[in-house]
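File shown: target02.cif. Contents: mmCIF, C-alpha atoms and all ligand atoms.
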data_work
#
loop_
_atom_site.label_atom_id
_atom_site.label_comp_id
_atom_site.auth_asym_id
_atom_site.auth_seq_id
_atom_site.Cartn_x
_atom_site.Cartn_y
_atom_site.Cartn_z
CA MET A 1 0.00 0.00 0.00
CA THR A 2 1.45 3.39 -0.92
CA ASN A 3 0.90 6.69 0.88
CA ALA A 4 -0.28 4.91 4.01
CA LYS A 5 1.30 5.21 7.41
CA THR A 6 0.62 3.13 10.46
CA PRO A 7 0.12 4.86 13.79
CA PRO A 8 -0.05 1.96 16.25
CA ALA A 9 -1.59 1.65 19.66
CA SER A 10 -1.04 -0.67 22.58
CA SER A 11 -3.60 -1.94 25.02
CA SER A 12 -0.89 -2.76 27.50
CA SER A 13 1.79 -0.07 27.40
CA LYS A 14 3.44 2.69 25.43
CA GLN A 15 6.60 0.63 25.58
CA SER A 16 5.13 -2.23 23.57
CA ALA A 17 3.82 0.27 21.00
CA GLU A 18 7.31 1.74 20.73
CA GLU A 19 8.80 -1.71 20.26
CA TYR A 20 6.24 -2.44 17.54
CA VAL A 21 7.16 0.77 15.71
CA GLU A 22 10.86 0.03 15.98
CA GLN A 23 10.68 -3.63 14.96
CA CYS A 24 7.80 -3.71 12.47
CA VAL A 25 6.89 -0.28 11.12
CA THR A 26 10.14 1.69 10.74
CA PRO A 27 11.94 -1.06 8.80
CA MET A 28 9.00 -1.07 6.35
CA GLN A 29 8.19 2.60 5.86
CA GLY A 30 11.47 4.25 6.88
CA LYS A 31 12.20 6.97 9.42
CA GLU A 32 11.05 9.73 7.02
CA THR A 33 7.42 8.61 7.58
CA PRO A 34 7.20 8.87 11.35
CA CYS A 35 4.78 6.63 13.20
CA THR A 36 3.30 7.59 16.58
CA PRO A 37 3.42 4.96 19.31
CA TYR A 38 0.28 5.48 21.40
CA GLY A 39 -0.04 4.10 24.91
CA THR A 40 -3.84 3.73 24.81
CA TYR A 41 -6.55 3.08 22.24
CA GLU A 42 -8.34 6.26 23.39
CA GLU A 43 -5.40 8.39 22.21
CA LEU A 44 -5.32 6.58 18.89
CA VAL A 45 -9.00 7.11 18.04
CA LYS A 46 -8.80 10.82 18.98
CA ASP A 47 -5.97 11.46 16.51
CA PRO A 48 -7.42 13.40 13.55
CA ASN A 49 -4.64 12.07 11.31
CA VAL A 50 -5.82 8.48 11.75
CA ASP A 51 -8.02 7.46 8.80
CA VAL A 52 -8.92 3.88 9.70
CA ILE A 53 -8.58 1.51 12.65
CA TYR A 54 -7.59 -2.15 12.29
CA VAL A 55 -8.66 -4.22 15.32
CA GLY A 56 -6.41 -7.26 15.81
CA THR A 57 -6.97 -8.11 19.46
CA PRO A 58 -8.38 -11.37 20.94
CA HIS A 59 -12.07 -12.01 20.17
CA SER A 60 -13.14 -11.01 23.67
CA HIS A 61 -12.02 -7.43 23.01
CA HIS A 62 -13.39 -6.82 19.50
CA TYR A 63 -16.70 -5.34 20.65
CA GLN A 64 -15.19 -2.76 22.99
CA ASN A 65 -12.36 -1.87 20.60
CA CYS A 66 -14.68 -1.47 17.61
CA MET A 67 -17.26 0.50 19.61
CA LEU A 68 -14.57 2.90 20.80
CA ALA A 69 -13.42 3.52 17.25
CA LEU A 70 -16.92 3.82 15.76
CA THR A 71 -18.16 6.22 18.42
CA ASN A 72 -15.18 8.38 17.52
CA ASN A 73 -16.25 8.20 13.86
CA LYS A 74 -13.31 6.09 12.75
CA PRO A 75 -13.83 3.49 10.02
CA VAL A 76 -13.00 -0.01 11.28
CA LEU A 77 -11.60 -3.23 9.82
CA CYS A 78 -11.98 -5.86 12.56
CA GLU A 79 -10.36 -9.29 12.66
CA LYS A 80 -12.47 -12.41 12.72
CA ALA A 81 -14.49 -13.51 14.65
CA ILE A 82 -16.10 -10.09 14.54
CA THR A 83 -17.71 -10.45 17.98
CA VAL A 84 -18.49 -13.23 20.45
CA ASN A 85 -22.25 -13.15 19.84
CA ALA A 86 -24.91 -11.79 17.50
CA ALA A 87 -26.10 -9.09 19.90
CA GLN A 88 -22.66 -7.46 19.93
CA ALA A 89 -22.36 -7.62 16.13
CA THR A 90 -25.85 -6.13 15.72
CA ALA A 91 -25.00 -3.24 18.06
CA LEU A 92 -21.81 -2.45 16.13
CA VAL A 93 -23.53 -2.56 12.75
CA LYS A 94 -26.27 -0.27 14.10
CA GLU A 95 -23.68 2.19 15.41
CA ALA A 96 -21.77 2.20 12.12
CA LYS A 97 -24.96 2.68 10.08
CA GLN A 98 -26.20 5.53 12.27
CA ARG A 99 -22.88 7.33 11.91
CA LYS A 100 -22.42 6.34 8.26
CA VAL A 101 -18.98 4.97 9.14
CA PHE A 102 -17.36 2.03 7.31
CA PHE A 103 -17.27 -1.21 9.36
CA MET A 104 -16.07 -4.57 8.07
CA GLU A 105 -14.92 -7.97 9.33
CA ALA A 106 -11.51 -9.03 7.98
CA GLU A 107 -12.68 -12.39 6.66
CA TRP A 108 -10.07 -12.65 3.95
CA THR A 109 -10.96 -16.04 2.45
CA ARG A 110 -14.22 -14.63 1.08
CA TYR A 111 -12.16 -12.53 -1.34
CA PHE A 112 -9.94 -15.33 -2.67
CA PRO A 113 -10.26 -15.80 -6.46
CA LEU A 114 -11.18 -19.41 -5.60
CA SER A 115 -14.13 -18.26 -3.48
CA ILE A 116 -15.32 -15.94 -6.22
CA ALA A 117 -15.00 -18.71 -8.85
CA VAL A 118 -16.99 -21.18 -6.72
CA ARG A 119 -19.77 -18.65 -6.11
CA GLN A 120 -19.94 -17.92 -9.84
CA LYS A 121 -20.12 -21.61 -10.76
CA ILE A 122 -23.07 -22.09 -8.41
CA GLN A 123 -24.85 -19.00 -9.72
CA GLN A 124 -24.32 -20.20 -13.29
CA GLU A 125 -26.02 -23.51 -12.31
CA GLN A 126 -22.93 -25.52 -13.25
CA ILE A 127 -23.68 -28.08 -10.51
CA GLY A 128 -27.46 -27.62 -10.64
CA GLU A 129 -29.36 -27.00 -7.42
CA VAL A 130 -27.28 -27.26 -4.23
CA VAL A 131 -28.78 -30.04 -2.11
CA ARG A 132 -26.13 -30.51 0.56
CA MET A 133 -22.72 -29.21 1.57
CA SER A 134 -20.05 -29.59 4.20
CA ALA A 135 -17.05 -27.51 5.23
CA ASP A 136 -14.24 -28.32 7.67
CA LEU A 137 -11.31 -26.46 9.15
CA SER A 138 -9.51 -28.56 11.72
CA THR A 139 -5.86 -28.09 12.55
CA GLY A 140 -4.80 -31.42 14.06
CA GLU A 141 -3.00 -29.56 16.85
CA ALA A 142 -3.99 -30.87 20.28
CA PRO A 143 -5.15 -27.98 22.49
CA GLU A 144 -2.61 -29.01 25.14
CA ILE A 145 0.17 -27.44 23.03
CA TYR A 146 -1.22 -24.09 24.23
CA ASP A 147 -0.71 -22.65 27.68
CA THR A 148 -4.14 -22.29 29.35
CA GLY A 149 -3.78 -18.48 29.10
CA HIS A 150 -3.38 -18.58 25.30
CA ARG A 151 -6.17 -16.90 23.34
CA ASN A 152 -6.87 -20.15 21.46
CA VAL A 153 -8.04 -21.96 24.63
CA ASN A 154 -8.68 -19.25 27.22
CA LYS A 155 -12.42 -18.69 27.65
CA ASP A 156 -11.87 -15.20 29.09
CA LEU A 157 -10.37 -14.28 25.70
CA ALA A 158 -13.27 -16.02 23.90
CA GLY A 159 -10.97 -18.84 22.84
CA GLY A 160 -11.99 -22.13 21.28
CA ALA A 161 -12.16 -23.76 17.87
CA LEU A 162 -15.49 -22.29 16.77
CA LEU A 163 -14.58 -18.59 16.96
CA ASP A 164 -11.00 -19.09 15.80
CA LEU A 165 -11.39 -21.70 13.04
CA GLY A 166 -15.04 -22.76 12.70
CA ILE A 167 -15.96 -19.36 11.35
CA TYR A 168 -14.06 -20.28 8.18
CA SER A 169 -16.22 -23.40 7.75
CA LEU A 170 -19.34 -21.31 8.31
CA LEU A 171 -18.06 -18.69 5.86
CA TRP A 172 -17.78 -21.33 3.13
CA ILE A 173 -21.30 -22.49 3.85
CA PHE A 174 -22.80 -19.01 3.82
CA GLN A 175 -20.93 -17.79 0.77
CA THR A 176 -22.03 -20.77 -1.31
CA VAL A 177 -25.59 -21.52 -0.27
CA TYR A 178 -26.73 -18.10 1.02
CA HIS A 179 -24.80 -15.26 -0.63
CA THR A 180 -25.20 -16.80 -4.09
CA LEU A 181 -28.90 -15.96 -3.89
CA PRO A 182 -30.26 -12.50 -4.70
CA LYS A 183 -30.73 -10.48 -1.49
CA ASN A 184 -34.53 -10.65 -1.61
CA LYS A 185 -34.48 -14.49 -1.83
CA ARG A 186 -32.10 -15.14 1.08
CA LYS A 187 -33.59 -16.77 4.19
CA PRO A 188 -31.53 -17.42 7.34
CA PRO A 189 -30.90 -21.08 8.23
CA GLN A 190 -32.26 -23.01 11.21
CA VAL A 191 -29.73 -24.73 13.49
CA ARG A 192 -30.99 -28.34 13.46
CA GLY A 193 -28.32 -29.71 15.77
CA SER A 194 -24.90 -29.13 17.22
CA ALA A 195 -22.25 -30.85 19.32
CA MET A 196 -19.30 -29.50 21.26
CA THR A 197 -16.31 -31.11 22.98
CA PRO A 198 -14.78 -29.01 25.76
CA GLU A 199 -11.02 -28.64 26.03
CA PRO A 200 -10.19 -30.63 29.23
CA ARG A 201 -8.42 -27.83 31.11
CA THR A 202 -10.34 -24.66 30.21
CA GLY A 203 -13.71 -25.80 28.88
CA ALA A 204 -13.33 -23.82 25.65
CA ASP A 205 -14.58 -25.82 22.65
CA GLU A 206 -11.87 -27.93 21.07
CA SER A 207 -14.30 -29.44 18.59
CA THR A 208 -17.65 -28.17 17.31
CA THR A 209 -20.11 -29.51 14.73
CA ILE A 210 -23.17 -27.63 13.51
CA LEU A 211 -25.99 -28.86 11.28
CA LEU A 212 -27.84 -26.10 9.43
CA GLU A 213 -30.95 -26.23 7.28
CA PHE A 214 -31.33 -23.43 4.76
CA PRO A 215 -34.99 -23.14 3.75
CA VAL A 216 -34.10 -21.77 0.29
CA SER A 217 -31.57 -23.58 -1.90
CA SER A 218 -29.25 -21.95 -4.42
CA PRO A 219 -29.35 -20.89 -7.17
CA THR A 220 -33.08 -21.18 -7.95
CA GLY A 221 -34.63 -21.90 -4.55
CA SER A 222 -36.47 -25.06 -5.57
CA ARG A 223 -35.81 -26.94 -2.32
CA ASN A 224 -33.98 -26.69 1.03
CA THR A 225 -30.21 -27.27 1.64
CA HIS A 226 -28.48 -29.18 4.43
CA ALA A 227 -25.08 -27.88 5.55
CA ILE A 228 -22.60 -29.27 8.06
CA ALA A 229 -19.86 -27.06 9.52
CA THR A 230 -17.08 -28.80 11.44
CA THR A 231 -14.02 -27.56 13.26
CA ALA A 232 -11.58 -29.23 15.63
CA MET A 233 -8.14 -28.86 17.11
CA ARG A 234 -7.28 -32.51 17.83
CA VAL A 235 -7.97 -33.91 14.37
CA HIS A 236 -6.91 -32.59 10.96
CA PHE A 237 -9.00 -31.62 7.94
CA ASP A 238 -6.95 -34.03 5.84
CA HIS A 239 -4.41 -36.23 7.61
CA ALA A 240 -3.39 -38.10 4.49
CA ARG A 241 -2.92 -35.09 2.24
CA GLU A 242 0.84 -35.49 1.81
CA THR A 243 0.95 -39.24 1.27
CA GLU A 244 -2.30 -40.65 -0.04
CA SER A 245 -5.36 -39.33 -1.82
CA ALA A 246 -6.51 -35.96 -0.58
CA THR A 247 -9.88 -35.43 1.10
CA PRO A 248 -11.82 -32.28 0.22
CA ALA A 249 -12.36 -29.79 3.04
CA VAL A 250 -15.43 -28.36 1.29
CA ARG A 251 -18.01 -30.33 -0.71
CA VAL A 252 -20.84 -28.47 -2.42
CA GLN A 253 -23.18 -31.10 -3.79
CA GLY A 254 -25.64 -30.13 -6.49
CA ASP A 255 -28.16 -32.32 -8.30
CA LYS A 256 -25.99 -32.15 -11.44
CA GLY A 257 -22.46 -32.13 -10.03
CA GLU A 258 -20.18 -31.37 -7.14
CA ILE A 259 -17.54 -28.76 -6.29
CA GLN A 260 -14.70 -29.84 -4.02
CA VAL A 261 -12.24 -27.50 -2.36
CA PHE A 262 -9.07 -28.82 -0.78
CA GLY A 263 -7.94 -27.35 2.52
CA PRO A 264 -6.91 -25.48 4.43
CA ILE A 265 -9.91 -23.31 3.75
N1 LIG B 301 -7.08 -13.48 9.38
C1 LIG B 301 -6.18 -14.35 9.82
O1 LIG B 301 -5.64 -15.16 9.08
C2 LIG B 301 -5.82 -14.36 11.26
C3 LIG B 301 -6.61 -13.68 12.15
N2 LIG B 301 -6.31 -13.68 13.47
C4 LIG B 301 -7.19 -12.92 14.35
O2 LIG B 301 -6.48 -11.80 14.83
C5 LIG B 301 -6.87 -11.51 16.18
C6 LIG B 301 -5.65 -11.48 17.08
O3 LIG B 301 -5.00 -12.74 17.03
P1 LIG B 301 -3.45 -12.84 17.49
O4 LIG B 301 -2.67 -11.79 16.78
O5 LIG B 301 -3.04 -14.24 17.38
O6 LIG B 301 -3.61 -12.47 19.02
P2 LIG B 301 -2.52 -12.13 20.15
O7 LIG B 301 -2.77 -13.00 21.30
O8 LIG B 301 -1.16 -12.14 19.53
O9 LIG B 301 -2.93 -10.66 20.55
C7 LIG B 301 -2.85 -9.57 19.64
C8 LIG B 301 -2.73 -8.29 20.45
O10 LIG B 301 -3.89 -8.10 21.25
C9 LIG B 301 -3.52 -7.55 22.51
N3 LIG B 301 -3.89 -8.48 23.59
C10 LIG B 301 -3.44 -9.75 23.77
N4 LIG B 301 -3.96 -10.29 24.87
C11 LIG B 301 -4.74 -9.35 25.40
C12 LIG B 301 -5.56 -9.31 26.56
N5 LIG B 301 -5.63 -10.35 27.40
N6 LIG B 301 -6.25 -8.18 26.82
C13 LIG B 301 -6.17 -7.13 25.98
N7 LIG B 301 -5.41 -7.10 24.87
C14 LIG B 301 -4.71 -8.20 24.58
C15 LIG B 301 -2.00 -7.38 22.51
O11 LIG B 301 -1.73 -6.02 22.15
P3 LIG B 301 -0.66 -5.15 22.98
O12 LIG B 301 0.63 -5.83 22.84
O13 LIG B 301 -0.74 -3.86 22.28
O14 LIG B 301 -1.15 -5.13 24.36
C16 LIG B 301 -1.55 -8.31 21.41
O15 LIG B 301 -0.39 -7.90 20.76
C17 LIG B 301 -7.93 -12.54 16.53
O16 LIG B 301 -9.18 -12.00 16.26
C18 LIG B 301 -7.62 -13.69 15.58
O17 LIG B 301 -8.74 -14.51 15.33
C19 LIG B 301 -5.21 -14.31 13.95
C20 LIG B 301 -4.38 -15.01 13.11
C21 LIG B 301 -4.64 -15.10 11.69
O1 LIG B 302 -7.44 -17.01 11.53
C1 LIG B 302 -6.62 -17.83 11.84
O2 LIG B 302 -5.93 -18.46 10.87
C2 LIG B 302 -4.74 -19.16 11.16
C3 LIG B 302 -4.78 -19.84 12.51
O3 LIG B 302 -3.56 -20.43 12.81
C4 LIG B 302 -5.15 -18.86 13.57
O4 LIG B 302 -5.26 -19.49 14.82
C5 LIG B 302 -6.47 -18.22 13.25
O5 LIG B 302 -6.68 -17.15 14.12
#

As structure tokens:
Amino acid sequence: MTNAKTPPASSSSKQSAEEYVEQCVTPMQGKETPCTPYGTYEELVKDPNVDVIYVGTPHSHHYQNCMLALTNNKPVLCEKAITVNAAQATALVKEAKQRKVFFMEAEWTRYFPLSIAVRQKIQQEQIGEVVRMSADLSTGEAPEIYDTGHRNVNKDLAGGALLDLGIYSLLWIFQTVYHTLPKNKRKPPQVRGSAMTPEPRTGADESTTILLEFPVSSPTGSRNTHAIATTAMRVHFDHARETESATPAVRVQGDKGEIQVFGPI
């Protein structure tokens, strides 16, 4: 990106902001483009030279960080998972709309050329009507590799597989069977079932499975669609991928064909 400078902030201390500037920003943009190390987020959002805020904190803090920026009329790009529940996300969207301020979740995989190509193939009816689909992002890293304070397993930081990884599985489901429909035809899914395995030490989910039923199928809406989102730490989306035949991480099954996407998604 040209003509952009990065004024950072630190939730913990001015010192860590200074270290960030020294180690990450100055080597990239040079000393001639100075970068202000702020000690608090409040100072950052009050700076009239700051054009946009990127929120990259643990999930537990997204709501408060985004609300602070939005109420100071700063556009926000927030890391996934945007919030820890729907009520928080709704409140942020309402705030952004009222103020006419840009607000977006940084769900990068939605913008991959692959994602765009898959959505187009469905819309062009290349696999017919989507009847069923599944999507999995599972890392095969046992949760015990993390200290119990780590954001991946710490419930106070909204840790767990669903918010960290499962949102990618859900993104694949929504972008293929929901966002491929025209806005006026989209109907939210019903959760028909779910299962969760708690991480033994912290109770955060180490494995989550969700069964969704979309009342309107894509692309023509002639039936319903079943969708299964899975995510797990202890097992992998494709253990045999390097040695044997690969297993698709995403299957979109239409009545005339199937699209398979190989992970990680
Ligand atoms: N899109 C993608 O591919 C990826 C997205 N992510 C997302 O980015 C976000 C951050 O993840 P990650 O960088 O691994 O997180 P970290 O645990 O590294 O935390 C990031 C920053 O948040 C602040 N922070 C950490 N812990 C706390 C706390 N307990 N209370 C308040 N602030 C805290 C710290 O800032 P400071 O030092 O200033 O105090 C820290 O540098 C998450 O939403 C995650 O899901 C993560 C990896 C990849
Ligand atoms: O978004 C992510 O992608 C990569 C993972 O390793 C990380 O935990 C997650 O936050």

* To do: Write out as a PyMOL selection string which residues come within 9 Å of Thr6 in chain A when counting only C-alpha atoms, dropping same-chain ones fewer than 2 positions away.
  => chain A and resi 4+8+21+25+29+34-36+50

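Restricting the calculation to only C-alpha atoms and all ligand atoms, the smallest distance between ligand LIG 302 (chain B) and any of A:Leu44, A:Met28, A:Val261, A:Val153 is found for A:Val153.
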
Mind dumping a table of every chain A residue within 7 Å of ligand LIG 302 (chain B), with the nearest atom pair and its distance in Å to one decimal, using all atoms listed in the file, sorted by chain and rising number, as JSON lines?
{"residue": "A:Lys80", "atom": "CA", "partner": "B:LIG302", "partner_atom": "O1", "distance": 6.9}
{"residue": "A:Asn152", "atom": "CA", "partner": "B:LIG302", "partner_atom": "O4", "distance": 6.9}
{"residue": "A:Asp164", "atom": "CA", "partner": "B:LIG302", "partner_atom": "O5", "distance": 5.0}
{"residue": "A:Leu165", "atom": "CA", "partner": "B:LIG302", "partner_atom": "C5", "distance": 6.0}

* To do: Can you work out which one of A:Tyr54, A:Tyr38, A:Phe103, A:Trp108 has the shortest atom-to-atom distance to ligand LIG 301 (chain B), counting all atoms listed in the file?
  =>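 Residue with the minimum atom-to-atom distance to ligand LIG 301 (chain B): A:Trp108.
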
What are the centre and edge lengths in Å, to one decimal, of the axis-aligned box around all listed atoms of ligand LIG 301 (chain B) with 6 Å added on each side, as JSON?
{"center_x": -4.3, "center_y": -9.5, "center_z": 18.2, "size_x": 21.8, "size_y": 23.3, "size_z": 30.3}

* Asked: Can you tell me how far CA of Thr209 in chain A sits from CA of Val191 in chain A, in Å to one decimal?
  ->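 CA of Thr209 in chain A sits 10.8 Å away from CA of Val191 in chain A.
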
* Of the candidates A:Ala86, A:Ile145, A:Ala9, A:Ala204, which one gets nearest to ligand LIG 301 (chain B) if we count all atoms listed in the file? -> A:Ala9

* Can you tell me, as a VMD selection string, what residues are no more than 10 Å from Phe262 in chain A when counting all atoms listed in the file, ignoring any on the same chain fewer than 2 positions away? -> chain A and resid 136 237 to 238 241 246 to 251 260 264 to 265

Point (-15.7, -25.2, 27.1), cut-off 12 Å, counting only C-alpha atoms, residues as a short mmCIF file (atom, residue, chain, number, x, y, z; two decimals) with C-alpha atoms, keeping the file's coordinate frame:
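Contents of result22.cif, as written:
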data_model
loop_
_atom_site.label_atom_id
_atom_site.label_comp_id
_atom_site.auth_asym_id
_atom_site.auth_seq_id
_atom_site.Cartn_x
_atom_site.Cartn_y
_atom_site.Cartn_z
CA PRO A 143 -5.15 -27.98 22.49
CA ASN A 152 -6.87 -20.15 21.46
CA VAL A 153 -8.04 -21.96 24.63
CA ASN A 154 -8.68 -19.25 27.22
CA LYS A 155 -12.42 -18.69 27.65
CA ASP A 156 -11.87 -15.20 29.09
CA ALA A 158 -13.27 -16.02 23.90
CA GLY A 159 -10.97 -18.84 22.84
CA GLY A 160 -11.99 -22.13 21.28
CA ALA A 161 -12.16 -23.76 17.87
CA LEU A 162 -15.49 -22.29 16.77
CA ALA A 195 -22.25 -30.85 19.32
CA MET A 196 -19.30 -29.50 21.26
CA THR A 197 -16.31 -31.11 22.98
CA PRO A 198 -14.78 -29.01 25.76
CA GLU A 199 -11.02 -28.64 26.03
CA PRO A 200 -10.19 -30.63 29.23
CA ARG A 201 -8.42 -27.83 31.11
CA THR A 202 -10.34 -24.66 30.21
CA GLY A 203 -13.71 -25.80 28.88
CA ALA A 204 -13.33 -23.82 25.65
CA ASP A 205 -14.58 -25.82 22.65
CA GLU A 206 -11.87 -27.93 21.07
CA SER A 207 -14.30 -29.44 18.59
CA THR A 208 -17.65 -28.17 17.31
#

* To do: Residues up to 10 Å from ligand LIG 301 (chain B), counting only C-alpha atoms and all ligand atoms: could you list those as an NGL selection string?
  => :A and (8-20 or 38-41 or 55-62 or 65 or 78-83 or 105-109 or 149-152 or 154 or 156-159 or 163-165 or 167-168)

* Rounded to one decimal place, report the CA of Lys256 in chain A-CA of Val131 in chain A distance in Å. =>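 So the answer is 10.0 Å.
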
* Just how far from CA of Gln120 in chain A is CA of Pro188 in chain A, in Å to one decimal? ->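 Atom-to-atom, CA of Pro188 in chain A to CA of Gln120 in chain A, that is 20.7 Å.
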